[in-house]
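Okay, final27.txt now, which holds compact mmCIF, C-alpha atoms:
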# COMPACT_ATOMS: atom_id res chain seq x y z
CA MET G 406 -17.85 -6.54 -14.27
CA THR G 407 -17.56 -10.14 -13.22
CA CYS G 408 -19.37 -11.82 -10.34
CA GLU G 409 -16.00 -12.13 -8.64
CA GLU G 410 -15.66 -8.36 -8.63
CA PHE G 411 -19.21 -7.90 -7.41
CA ARG G 412 -18.47 -10.30 -4.55
CA GLU G 413 -15.87 -7.85 -3.33
CA TRP G 414 -18.39 -5.06 -3.58
CA ILE G 415 -20.80 -7.09 -1.49
CA GLN G 416 -18.12 -7.26 1.19
CA ARG G 417 -17.34 -3.57 0.90
CA GLU G 418 -21.00 -2.72 1.16
CA LEU G 419 -21.11 -4.46 4.53
CA ASP G 420 -18.44 -2.04 5.68
CA HIS G 421 -20.25 0.98 4.24
CA ASP G 422 -17.43 1.46 1.78
CA LEU G 423 -19.43 1.68 -1.47
CA THR G 424 -20.31 4.94 -3.12
CA GLN G 425 -23.93 5.51 -3.93
CA SER G 426 -23.49 4.72 -7.59
CA GLU G 427 -21.51 1.57 -6.81
CA ALA G 428 -24.25 0.47 -4.47
CA GLN G 429 -26.85 0.98 -7.18
CA GLU G 430 -24.80 -0.95 -9.70
CA LEU G 431 -24.36 -3.81 -7.25
CA ASP G 432 -28.04 -3.80 -6.52
CA GLN G 433 -28.88 -4.11 -10.19
CA HIS G 434 -26.45 -6.99 -10.62
CA VAL G 435 -27.69 -8.86 -7.58
CA ARG G 436 -31.27 -8.64 -8.83
CA SER G 437 -30.30 -10.41 -12.01
CA CYS G 438 -27.79 -12.90 -10.53
CA PRO G 439 -29.17 -15.52 -8.12
CA ASN G 440 -25.70 -16.68 -7.09
CA CYS G 441 -24.58 -13.24 -6.04
CA ALA G 442 -27.96 -12.67 -4.39
CA GLU G 443 -27.44 -15.77 -2.31
CA GLU G 444 -23.90 -14.73 -1.44
CA LYS G 445 -25.11 -11.32 -0.41
CA ALA G 446 -27.87 -12.71 1.80
CA ALA G 447 -25.49 -15.13 3.51
CA LEU G 448 -22.85 -12.47 4.13
CA LEU G 449 -25.47 -10.04 5.39
CA ASP G 450 -26.57 -12.70 7.83
CA VAL G 451 -23.01 -13.24 9.08
CA SER G 452 -22.46 -9.52 9.33
CA SER G 453 -25.60 -8.91 11.35
CA ARG G 454 -24.72 -11.76 13.68
CA LEU G 455 -21.31 -10.25 14.21
CA ASP G 456 -23.00 -6.94 14.89
CA ASP G 457 -25.12 -8.64 17.52
CA LEU G 458 -22.24 -10.10 19.50
CA PRO G 459 -22.56 -9.25 23.19
CA TYR G 460 -20.79 -6.15 24.37
CA VAL G 461 -18.74 -7.80 27.07
CA THR G 462 -17.23 -5.90 29.98
CA PRO G 463 -14.70 -7.05 32.58
CA ARG G 464 -16.26 -8.13 35.85
CA PHE G 465 -13.85 -6.10 37.94
CA SER G 466 -11.89 -2.92 37.43
CA LEU G 467 -8.81 -3.86 35.47
CA THR G 468 -7.39 -0.39 35.88
CA GLU G 469 -7.53 -0.73 39.65
CA GLU G 470 -5.66 -4.03 39.52
CA VAL G 471 -3.08 -2.67 37.15
CA MET G 472 -2.54 0.49 39.17
CA LYS G 473 -1.80 -1.70 42.18
CA LYS G 474 0.84 -3.54 40.18
CA ILE G 475 2.30 -0.29 38.93
CA ASP G 476 2.50 1.08 42.47
CA ALA G 477 4.25 -2.06 43.63
CA GLU G 478 6.71 -1.73 40.75
CA ASP G 479 7.36 1.90 41.55
CA GLN G 480 7.98 1.11 45.18
CA ARG G 481 10.47 -1.52 44.20
CA ASP G 482 12.21 0.91 41.87
CA GLU G 483 12.27 3.48 44.64
CA ARG G 484 13.88 1.01 46.99
CA THR G 485 16.47 0.15 44.40
CA LYS G 486 17.22 3.80 43.85
CA GLN G 487 17.79 4.39 47.55
CA ASP G 488 19.94 1.35 47.96
CA PRO G 489 21.41 0.02 44.77
CA GLU G 490 22.11 -3.30 46.40
CA ALA G 491 18.60 -3.85 47.73
CA ASP G 492 17.33 -6.00 44.90
CA ARG G 493 20.60 -7.54 43.98
CA PRO G 494 21.03 -11.21 44.57
CA PRO G 495 23.76 -12.20 47.03
CA ILE G 496 27.08 -11.57 45.38
CA ARG G 497 29.35 -14.44 44.50
CA ILE G 498 31.96 -14.42 47.21
CA LYS G 499 33.88 -17.20 45.56
CA GLU G 500 34.80 -15.05 42.62
CA ALA G 501 35.85 -12.27 44.92
CA SER G 502 38.92 -14.04 46.16
CA PHE G 503 40.03 -14.62 42.61
CA HIS G 504 39.51 -11.11 41.44
CA ARG G 505 40.89 -9.47 44.52
CA LYS G 506 44.34 -10.51 43.43
CA ARG G 507 44.07 -8.29 40.43
CA ARG G 508 45.25 -4.82 40.96
CA TRP G 509 42.45 -2.58 40.10
CA TRP G 510 41.19 0.66 41.25
CA LEU G 511 37.82 1.81 42.33
CA GLY G 512 36.64 4.77 40.38
CA GLY G 513 34.01 7.29 41.22
CA SER G 514 32.45 6.94 44.57
CA THR G 515 33.18 3.99 46.71
CA VAL G 516 30.89 2.60 49.29
CA ALA G 517 31.12 1.13 52.73
CA ALA G 518 33.83 -1.44 53.14
CA GLY G 519 31.70 -4.57 52.95
CA ILE G 520 30.02 -3.61 49.73
CA ALA G 521 33.23 -2.31 48.29
CA ILE G 522 34.89 -5.69 48.59
CA LEU G 523 31.92 -7.39 47.06
CA MET G 524 31.84 -4.95 44.20
CA ILE G 525 35.44 -5.37 43.17
CA PRO G 526 34.89 -8.42 41.00
CA LEU G 527 31.93 -6.77 39.38
CA LEU G 528 33.87 -3.69 38.53
CA SER G 529 36.90 -5.45 37.29
CA SER G 530 35.32 -7.90 34.92
CA ILE G 531 34.97 -5.40 32.15
CA THR G 532 37.20 -2.54 33.11
CA GLN G 533 40.31 -4.53 32.44
CA ASP G 534 39.50 -4.27 28.76
CA HIS G 535 39.57 -0.54 29.02
CA SER G 536 43.13 -0.45 30.15
CA THR G 537 44.40 -0.25 26.62
CA GLN G 538 42.47 2.87 25.87
CA VAL G 539 41.85 4.55 29.14
CA GLN G 540 44.28 6.08 31.55
CA PRO G 541 42.61 5.25 34.81
CA GLN G 542 42.49 8.02 37.29
CA LYS G 543 43.69 7.64 40.79
CA PRO G 544 41.15 6.08 43.05
CA SER G 545 39.56 8.24 45.64
CA ILE G 546 38.40 5.81 48.21
CA SER G 547 35.96 6.98 50.77
CA THR G 548 33.74 5.18 53.18
CA LYS G 549 30.63 7.15 52.75
CA ASP G 550 27.21 5.72 53.24
CA PRO G 551 26.19 4.20 49.94
CA ARG G 552 22.87 6.01 50.14
CA ASP G 553 24.66 9.29 49.61
CA GLN G 554 26.21 8.06 46.42
CA PRO G 555 23.81 5.81 44.66
CA SER G 556 25.68 5.74 41.41
CA MET G 557 28.69 3.53 41.24
CA GLY G 558 30.22 4.85 38.12
CA ILE G 559 27.19 4.53 35.91
CA GLN G 560 25.47 7.79 36.33
CA SER G 561 21.93 8.01 37.37
CA LYS G 562 19.26 9.90 35.50
CA GLY G 563 19.87 13.48 34.66
CA ASP G 564 23.53 14.01 35.33
CA GLY G 565 26.50 13.86 33.08
CA PRO G 566 27.18 15.31 29.68
CA GLN G 567 24.26 15.46 27.30
CA LYS G 568 26.26 15.20 24.14
CA MET G 569 25.56 11.99 22.33
CA GLY G 570 27.61 10.11 19.87
CA PRO G 571 25.27 8.28 17.51
CA GLY G 572 21.79 9.47 16.73
CA GLY G 573 18.50 7.98 17.83
CA HIS G 574 15.68 8.54 20.23
CA ALA G 575 16.86 6.42 23.07
CA SER G 576 18.33 7.97 26.15
CA ARG G 577 21.40 6.95 28.05
CA ASN G 578 19.51 5.21 30.80
CA GLN G 579 16.63 3.62 29.02
CA ALA G 580 15.88 2.33 25.54
CA THR G 581 12.88 0.50 24.20
CA SER G 582 13.31 -1.77 21.19
CA PRO G 583 11.63 -0.62 17.96
CA ASN G 584 8.58 -2.82 18.38
CA GLY G 585 8.59 -2.49 22.12
CA THR G 586 9.49 -6.10 22.79
CA TYR G 587 12.32 -5.23 25.12
CA GLN G 588 13.28 -2.42 27.37
CA ALA G 589 16.87 -1.85 28.36
CA THR G 590 17.77 0.11 31.46
CA VAL G 591 20.96 0.88 33.28
CA GLN G 592 20.63 -0.64 36.72
CA ASN G 593 23.40 -0.55 39.25
CA GLN G 594 26.38 -1.74 37.30
CA ALA G 595 24.71 -3.47 34.42
CA ILE G 596 22.47 -3.14 31.43
CA VAL G 597 19.26 -4.99 32.20
CA ILE G 598 16.88 -6.00 29.46
CA ASP G 599 13.28 -6.72 30.36
CA ASN G 600 10.57 -8.13 28.15
CA GLN G 601 7.11 -6.65 27.95
CA SER G 602 5.99 -8.56 31.01
CA GLY G 603 8.77 -6.89 32.94
CA GLU G 604 10.72 -10.11 33.25
CA GLU G 605 14.44 -9.84 33.03
CA VAL G 606 15.67 -11.58 29.90
CA TYR G 607 19.25 -10.42 29.99
CA ARG G 608 21.65 -8.80 32.39
CA SER G 609 24.95 -7.63 30.99
CA LYS G 610 28.31 -8.20 32.50
CA ASP G 611 28.97 -5.60 35.11
CA LEU G 612 30.09 -2.33 33.66
CA SER G 613 33.18 -0.44 34.49
CA SER G 614 32.93 2.20 37.14
CA SER G 615 35.25 4.33 35.06
CA ALA G 616 32.83 4.64 32.20
CA ASP G 617 29.50 6.29 31.60
CA VAL G 618 26.83 4.96 29.36
CA ALA G 619 26.84 7.60 26.66
CA GLN G 620 23.92 6.09 24.84
CA MET G 621 21.89 2.96 24.32
CA LYS G 622 20.21 2.24 21.06
CA TRP G 623 18.38 -0.73 19.62
CA GLN G 624 19.72 -1.63 16.20
CA ASP G 625 16.78 -3.94 15.64
CA GLU G 626 14.36 -5.96 17.75
CA GLY G 627 17.08 -8.19 19.18
CA HIS G 628 20.28 -6.16 19.20
CA LEU G 629 21.14 -3.39 21.59
CA SER G 630 24.19 -1.20 21.22
CA VAL G 631 25.58 0.52 24.26
CA TRP G 632 28.18 3.23 23.94
CA LEU G 633 30.48 3.56 26.92
CA ARG G 634 32.68 6.57 27.36
CA PRO G 635 35.46 6.78 29.92
CA LYS G 636 34.58 9.24 32.64
CA ASP G 637 37.82 11.13 32.40
CA ASP G 638 37.62 11.43 28.64
CA LYS G 639 37.48 15.19 28.35
CA LYS G 640 37.50 15.22 24.61
CA GLU G 641 34.46 13.00 24.53
CA GLN G 642 35.79 10.70 21.96
CA GLY G 643 36.58 7.05 22.13
CA GLY G 644 35.38 4.35 24.43
CA ASP G 645 33.69 1.04 23.89
CA ILE G 646 30.61 -0.20 22.18
CA ILE G 647 28.92 -3.22 23.63
CA ILE G 648 26.52 -5.04 21.38
CA ILE G 649 24.04 -7.27 23.15
CA ASP G 650 22.31 -10.01 21.24
CA VAL G 651 19.20 -10.79 23.25
CA SER G 652 18.26 -14.04 21.54
CA SER G 653 21.65 -15.68 22.03
CA LYS G 654 22.23 -13.83 25.31
CA THR G 655 25.69 -12.78 24.29
CA GLU G 656 27.54 -9.52 24.28
CA THR G 657 30.47 -8.37 22.21
CA LYS G 658 32.62 -5.37 22.72
CA ARG G 659 34.52 -3.29 20.27
CA PRO G 660 36.30 0.02 20.44
CA TRP G 661 34.33 3.15 19.73
CA LYS G 662 36.49 5.62 17.89
CA MET F 297 -12.52 9.99 24.30
CA VAL F 298 -8.97 10.37 25.43
CA GLU F 299 -8.26 14.05 25.58
CA ALA F 300 -5.09 15.71 24.48
CA GLY F 301 -2.90 16.26 27.48
CA TRP F 302 -3.93 13.13 29.36
CA VAL F 303 -1.13 11.14 27.84
CA GLU F 304 1.36 13.90 28.52
CA ASP F 305 0.21 14.20 32.13
CA ALA F 306 0.37 10.45 32.63
CA ARG F 307 3.79 10.35 31.10
CA ARG F 308 5.00 12.99 33.52
CA GLY F 309 4.03 10.71 36.36
CA ASN F 310 0.59 12.03 37.15
CA ARG F 311 -1.14 9.00 38.66
CA VAL F 312 -4.62 10.37 38.32
CA ALA F 313 -4.08 11.02 34.63
CA LEU F 314 -2.64 7.55 34.18
CA ALA F 315 -5.59 5.88 35.90
CA ARG F 316 -8.01 7.94 33.82
CA LEU F 317 -6.21 6.97 30.65
CA LEU F 318 -6.22 3.26 31.47
CA LYS F 319 -9.84 3.41 32.60
CA GLU F 320 -10.75 4.94 29.27
CA VAL F 321 -9.31 2.06 27.25
CA GLU F 322 -9.89 -0.89 29.59
CA GLY F 323 -13.33 -1.68 28.17
CA PRO F 324 -12.30 -1.76 24.51
CA VAL F 325 -9.05 -3.55 25.37
CA TYR F 326 -10.97 -6.22 27.28
CA ARG F 327 -13.51 -6.65 24.50
CA THR F 328 -10.79 -7.22 21.93
CA ALA F 329 -8.98 -9.65 24.20
CA TYR F 330 -12.21 -11.49 24.95
CA TYR F 331 -13.10 -12.07 21.32
CA MET F 332 -9.52 -12.76 20.32
CA LEU F 333 -9.15 -15.43 22.99
CA GLY F 334 -12.65 -16.77 23.42
CA ASN F 335 -12.78 -17.03 27.18
CA GLU F 336 -13.06 -14.75 30.15
CA GLN F 337 -10.03 -15.79 32.16
CA ASP F 338 -7.57 -15.39 29.31
CA ALA F 339 -9.25 -12.14 28.37
CA LEU F 340 -8.76 -10.81 31.91
CA ASP F 341 -5.11 -11.87 31.90
CA ALA F 342 -4.44 -10.45 28.46
CA SER F 343 -6.14 -7.14 29.09
CA GLN F 344 -4.34 -6.57 32.38
CA GLU F 345 -1.10 -7.36 30.65
CA ALA F 346 -2.06 -4.96 27.86
CA LEU F 347 -2.79 -2.14 30.32
CA LEU F 348 0.57 -2.71 32.00
CA ARG F 349 2.30 -2.60 28.64
CA ILE F 350 0.45 0.58 27.76
CA TYR F 351 1.81 2.12 30.95
CA ARG F 352 5.33 0.90 30.29
CA LYS F 353 5.33 2.03 26.70
CA LEU F 354 3.72 5.38 27.34
CA SER F 355 7.05 7.10 26.87
CA SER F 356 7.32 5.68 23.36
CA PHE F 357 3.85 6.80 22.29
CA ARG F 358 4.50 9.50 19.75
CA GLY F 359 0.97 10.42 18.85
CA GLU F 360 1.36 9.09 15.32
CA ALA F 361 -1.76 7.00 15.92
CA ARG F 362 -4.81 7.76 18.01
CA PHE F 363 -4.21 6.68 21.58
CA GLU F 364 -7.18 4.31 21.44
CA THR F 365 -5.89 2.64 18.29
CA TRP F 366 -2.42 2.38 19.75
CA ALA F 367 -3.93 0.75 22.84
CA GLN F 368 -5.77 -1.73 20.60
CA ARG F 369 -2.50 -2.60 18.93
CA ILE F 370 -1.01 -3.46 22.29
CA ALA F 371 -4.14 -5.39 23.29
CA ILE F 372 -3.94 -7.49 20.14
CA HIS F 373 -0.31 -8.34 20.77
CA ALA F 374 -1.00 -9.23 24.40
CA ALA F 375 -3.90 -11.47 23.33
CA ILE F 376 -1.86 -13.17 20.64
CA ASP F 377 0.98 -13.78 23.09
CA ILE F 378 -1.40 -15.51 25.50
CA SER F 379 -3.08 -17.43 22.72
CA ARG F 380 0.27 -18.74 21.48
CA LYS F 381 1.30 -19.66 24.99
CA ARG F 382 -1.93 -21.62 25.43
CA LYS F 383 -1.38 -23.42 22.17
CA GLN F 384 2.05 -24.51 23.32
CA THR F 385 0.67 -25.97 26.52
CA LEU F 386 -2.41 -27.46 24.85
CA PRO F 387 -1.18 -28.63 21.47
CA TYR F 388 -4.32 -30.58 20.65
CA LYS F 389 -6.77 -27.91 21.65
CA ASP F 390 -8.00 -27.39 18.12
CA GLU F 391 -8.77 -31.04 17.66
CA ILE F 392 -10.40 -31.44 21.03
CA GLU F 393 -12.74 -28.50 20.76
CA PRO F 394 -15.22 -29.73 18.14
CA SER F 395 -16.03 -32.97 19.96
CA GLY F 396 -16.00 -31.36 23.42
CA SER F 397 -18.97 -30.43 25.55
CA SER F 398 -20.05 -27.72 23.18
CA GLY F 399 -19.64 -29.93 20.13
CA ILE F 400 -21.97 -31.91 17.96
CA ASN F 401 -24.60 -32.82 20.54
CA SER F 402 -25.61 -29.30 21.19
CA THR F 403 -25.29 -28.04 17.64
CA VAL F 404 -29.02 -28.02 17.07
CA GLU F 405 -29.77 -26.17 20.29
CA ARG F 406 -27.04 -23.68 19.66
CA ARG F 407 -28.15 -22.91 16.17
CA GLY F 408 -28.01 -19.24 15.45
CA THR F 409 -26.70 -18.27 18.87
CA ALA F 410 -23.88 -15.93 19.66
CA ALA F 411 -21.91 -18.97 20.84
CA ASP F 412 -21.78 -20.27 17.28
CA VAL F 413 -20.37 -17.04 16.01
CA HIS F 414 -17.99 -16.87 18.90
CA THR F 415 -16.70 -20.40 18.31
CA ALA F 416 -16.38 -19.70 14.62
CA ILE F 417 -14.38 -16.52 15.25
CA ASN F 418 -11.94 -18.56 17.27
CA ARG F 419 -11.29 -20.82 14.33
CA LEU F 420 -10.15 -17.93 12.15
CA GLN F 421 -6.50 -17.26 11.61
CA GLU F 422 -4.98 -14.60 13.83
CA ALA F 423 -5.00 -11.80 11.27
CA GLU F 424 -8.50 -12.62 10.05
CA ARG F 425 -9.79 -12.79 13.59
CA THR F 426 -8.11 -9.52 14.48
CA ALA F 427 -9.62 -7.74 11.49
CA VAL F 428 -13.08 -9.12 12.24
CA VAL F 429 -12.86 -8.22 15.92
CA LEU F 430 -11.73 -4.67 15.22
CA ARG F 431 -14.40 -4.22 12.57
CA TYR F 432 -17.32 -5.56 14.62
CA LEU F 433 -16.38 -5.20 18.26
CA GLN F 434 -14.62 -1.85 17.95
CA ASP F 435 -16.59 -0.60 14.97
CA TYR F 436 -13.36 0.41 13.26
CA THR F 437 -13.05 1.60 9.68
CA TYR F 438 -10.54 0.03 7.28
CA ASP F 439 -8.12 2.84 8.02
CA GLN F 440 -8.37 2.39 11.75
CA ILE F 441 -7.95 -1.36 11.48
CA ALA F 442 -4.92 -0.79 9.28
CA GLU F 443 -3.46 1.54 11.88
CA ALA F 444 -4.07 -0.89 14.72
CA MET F 445 -2.74 -3.88 12.78
CA GLU F 446 0.11 -1.92 11.23
CA MET F 447 -0.79 -3.21 7.80
CA PRO F 448 -1.78 -1.65 4.50
CA VAL F 449 -5.51 -1.14 4.00
CA GLY F 450 -5.52 -3.61 1.12
CA THR F 451 -4.14 -6.36 3.34
CA VAL F 452 -6.64 -5.53 6.04
CA LYS F 453 -9.48 -5.85 3.54
CA SER F 454 -8.35 -9.23 2.34
CA HIS F 455 -8.06 -10.53 5.92
CA LEU F 456 -11.47 -9.17 6.80
CA PHE F 457 -13.15 -10.42 3.62
CA ARG F 458 -11.56 -13.84 3.89
CA GLY F 459 -12.51 -14.06 7.55
CA ARG F 460 -16.11 -13.16 6.85
CA LYS F 461 -16.28 -15.65 4.02
CA LYS F 462 -14.99 -18.44 6.24
CA LEU F 463 -17.50 -17.51 8.93
CA LYS F 464 -20.25 -17.59 6.35
CA GLY F 465 -19.29 -21.14 5.39
CA TRP F 466 -18.96 -22.39 8.96
CA LEU F 467 -22.13 -20.77 10.18
CA ALA F 468 -24.03 -22.29 7.25
CA ASP F 469 -22.69 -25.67 8.38
CA TYR F 470 -24.03 -25.07 11.87
CA LYS F 471 -27.40 -24.21 10.49
CA GLU F 472 -27.56 -27.42 8.56
CA GLY F 473 -26.64 -29.28 11.74
CA GLY F 474 -23.23 -30.18 10.42
CA VAL F 475 -20.12 -30.60 12.50
CA LEU F 476 -17.60 -27.89 13.05
CA SER F 477 -14.91 -29.21 10.82

Could you render the structure as structure tokens?
Amino acid sequence: MTCEEFREWIQRELDHDLTQSEAQELDQHVRSCPNCAEEKAALLDVSSRLDDLPYVTPRFSLTEEVMKKIDAEDQRDERTKQDPEADRPPIRIKEASFHRKRRWWLGGSTVAAGIAILMIPLLSSITQDHSTQVQPQKPSISTKDPRDQPSMGIQSKGDGPQKMGPGGHASRNQATSPNGTYQATVQNQAIVIDNQSGEEVYRSKDLSSSADVAQMKWQDEGHLSVWLRPKDDKKEQGGDIIIIDVSSKTETKRPWK
Amino acid sequence: MVEAGWVEDARRGNRVALARLLKEVEGPVYRTAYYMLGNEQDALDASQEALLRIYRKLSSFRGEARFETWAQRIAIHAAIDISRKRKQTLPYKDEIEPSGSSGINSTVERRGTAADVHTAINRLQEAERTAVVLRYLQDYTYDQIAEAMEMPVGTVKSHLFRGRKKLKGWLADYKEGGVLS
């Protein structure tokens, strides 16, 4: 064996990785090779100094701090669940006048008049693309309290058909990217992508109220596919696939057959 | 030791189980962050961030690694993120450090102290530093380091060996009263 190979054994010995016979062989070599003996002594010194590094501890309870943050987050989520508009920034009234001209229907449950008007542009931006594939059902407009009907088209956790199109682990309402860099959730009328710090890095165009998110799945660390199925699609086939590219903050849509 | 069932309970929304789980890993997570980053404030920031990420990712923990190792993985990433962020805001940090307050003047006094080793660890490349920290501050085996770093054992060994060799050279320089670089 060469000195080079013994040098590796010296390293392995520090990690208690040598067998007894290997250790003996190394020992014999080191006794007859001053260079390797010196190397061994120096590495032993480094290793013991690393062993002696202080065992530091945080000066306050990190768990306590983090639990406070988690509670605050949960409370915010709770508020959002009760009132989908609570954490939404003021809606762009300007666009409303433009979109209101378009004839579109309000699917699913509709909310109190004020919110309904504000929501129209949000609903219409994407749904118009569906018109080629989807026969929209007649609107059933009601003026119920929005709190009774938190889901505006996109269904909230737990309801809706369980059958999925494509495979994968992700659910319809939440999907974490393979390495955990991003988390996508369905919030109100959009797909929201957060980074690990919980900061929003992307918010999709508003989704149609006539479609359900059938599934979300990360294709890789930066691309999320979202399968949308029209609500009235009894046969459970067809719809749209939206592909979100997080890095370029773009989304493309293609038919899902 | 994190017991089987804690993760499941925490995942189901049991706050007590979650707090117990985080409490269990906060020490090791902090230690890794501290030696990865080299200062207390960054270590506190990184480890809190790591604990938050652990909570957020709990649903994706599949038990393919030990919970503690999985937590270390997240801690390493959180520390590296902060370290990269710092480098962006302080591009000349590496050049400033050696001639700073803890530089040449105090080399003789600091000879053989933990501060030397600590400073030297900070000069290692990320992967080398990670391997060294996991080996010495977490007392991990090659296999455990490989699991935490998501790398083959062979790669882990070469990072660890190279790191130790570099430290040997630098620490010998300190002893001879030489400068850091």

Near chain F, 9 Å: chain G residue rows, closest pairs, only C-alpha atoms, as a Markdown table:
| residue | atom | partner | partner_atom | distance |
| --- | --- | --- | --- | --- |
| G:Glu413 | CA | F:Phe457 | CA | 7.9 |
| G:Gln416 | CA | F:Phe457 | CA | 6.4 |
| G:Arg417 | CA | F:Phe457 | CA | 8.5 |
| G:Asp420 | CA | F:Thr437 | CA | 7.6 |
| G:Asp422 | CA | F:Tyr438 | CA | 8.9 |
| G:Ala447 | CA | F:Lys464 | CA | 6.4 |
| G:Leu448 | CA | F:Lys464 | CA | 6.2 |
| G:Asp450 | CA | F:Lys464 | CA | 8.1 |
| G:Val451 | CA | F:Lys464 | CA | 5.8 |
| G:Ser452 | CA | F:Arg460 | CA | 7.7 |
| G:Arg454 | CA | F:Val413 | CA | 7.2 |
| G:Leu455 | CA | F:Tyr432 | CA | 6.2 |
| G:Asp456 | CA | F:Tyr432 | CA | 5.9 |
| G:Asp457 | CA | F:Ala410 | CA | 7.7 |
| G:Leu458 | CA | F:Ala410 | CA | 6.1 |
| G:Pro459 | CA | F:Ala410 | CA | 7.7 |
| G:Tyr460 | CA | F:Arg327 | CA | 7.3 |
| G:Val461 | CA | F:Arg327 | CA | 5.9 |
| G:Thr462 | CA | F:Gly323 | CA | 6.0 |
| G:Pro463 | CA | F:Tyr326 | CA | 6.5 |
| G:Arg464 | CA | F:Leu340 | CA | 8.9 |
| G:Ser466 | CA | F:Lys319 | CA | 8.2 |
| G:Leu467 | CA | F:Gln344 | CA | 6.1 |
| G:Thr468 | CA | F:Lys319 | CA | 5.6 |
| G:Glu469 | CA | F:Ala315 | CA | 7.8 |
| G:Glu470 | CA | F:Gln344 | CA | 7.7 |
| G:Val471 | CA | F:Gln344 | CA | 6.3 |
| G:Met472 | CA | F:Ala315 | CA | 7.0 |
| G:Lys474 | CA | F:Leu348 | CA | 8.2 |
| G:Ile475 | CA | F:Leu348 | CA | 7.5 |
| G:Thr581 | CA | F:Ser356 | CA | 7.6 |
| G:Gly585 | CA | F:Lys353 | CA | 7.2 |
| G:Gln601 | CA | F:Arg349 | CA | 6.3 |
| G:Ser602 | CA | F:Glu345 | CA | 7.2 |
| G:Gly603 | CA | F:Arg349 | CA | 8.9 |

For atom CA of Leu419 of chain G and atom CA of Glu444 of chain G, the interatomic separation in Å (one decimal): 12.2 Å

Segment 432-439 of chain G surroundings by all atoms listed in the file, 10 Å radius, close-in-sequence under 6 positions cut, as a compact mmCIF listing (two decimals) with C-alpha atoms, keeping the file's coordinate frame:
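To be explicit, this is the file written out as selection_9.txt:
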# COMPACT_ATOMS: atom_id res chain seq x y z
CA MET G 406 -17.85 -6.54 -14.27
CA THR G 407 -17.56 -10.14 -13.22
CA CYS G 408 -19.37 -11.82 -10.34
CA PHE G 411 -19.21 -7.90 -7.41
CA ARG G 412 -18.47 -10.30 -4.55
CA ILE G 415 -20.80 -7.09 -1.49
CA SER G 426 -23.49 4.72 -7.59
CA LYS G 445 -25.11 -11.32 -0.41

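The space separating atom CA of Trp661 of chain G from atom CA of Gly643 of chain G comes to 5.1 Å.
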
To one decimal in Å, tell me the separation between atom CA of Gln421 of chain F and atom CA of Ala442 of chain G.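 Value for the atom CA of Gln421 of chain F-atom CA of Ala442 of chain G distance: 27.2 Å.
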
Shell around Ile441 of chain F at 9 Å using only C-alpha atoms, local window under 3 positions removed, as a ChimeraX atom specification: /F:365,426-427,430-431,436-438,444-447,449,452

Next, dump the selected residues to file, keeping only C-alpha atoms, as a PDB file, in the coordinates of the input.
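As written to disk, out.pdb reads:
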ATOM      1  CA  THR F 365      -5.890   2.640  18.290  1.00  0.00           C
ATOM      2  CA  THR F 426      -8.110  -9.520  14.480  1.00  0.00           C
ATOM      3  CA  ALA F 427      -9.620  -7.740  11.490  1.00  0.00           C
ATOM      4  CA  LEU F 430     -11.730  -4.670  15.220  1.00  0.00           C
ATOM      5  CA  ARG F 431     -14.400  -4.220  12.570  1.00  0.00           C
ATOM      6  CA  TYR F 436     -13.360   0.410  13.260  1.00  0.00           C
ATOM      7  CA  THR F 437     -13.050   1.600   9.680  1.00  0.00           C
ATOM      8  CA  TYR F 438     -10.540   0.030   7.280  1.00  0.00           C
ATOM      9  CA  ALA F 444      -4.070  -0.890  14.720  1.00  0.00           C
ATOM     10  CA  MET F 445      -2.740  -3.880  12.780  1.00  0.00           C
ATOM     11  CA  GLU F 446       0.110  -1.920  11.230  1.00  0.00           C
ATOM     12  CA  MET F 447      -0.790  -3.210   7.800  1.00  0.00           C
ATOM     13  CA  VAL F 449      -5.510  -1.140   4.000  1.00  0.00           C
ATOM     14  CA  VAL F 452      -6.640  -5.530   6.040  1.00  0.00           C
TER      15      VAL F 452
END

For Glu422 of chain F, which residue out of F:Thr451, F:Gln440, F:Gln384, F:Ser379 is the nearest one, using only C-alpha atoms?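 With only C-alpha atoms as the atom set, the closest residue is F:Ser379.
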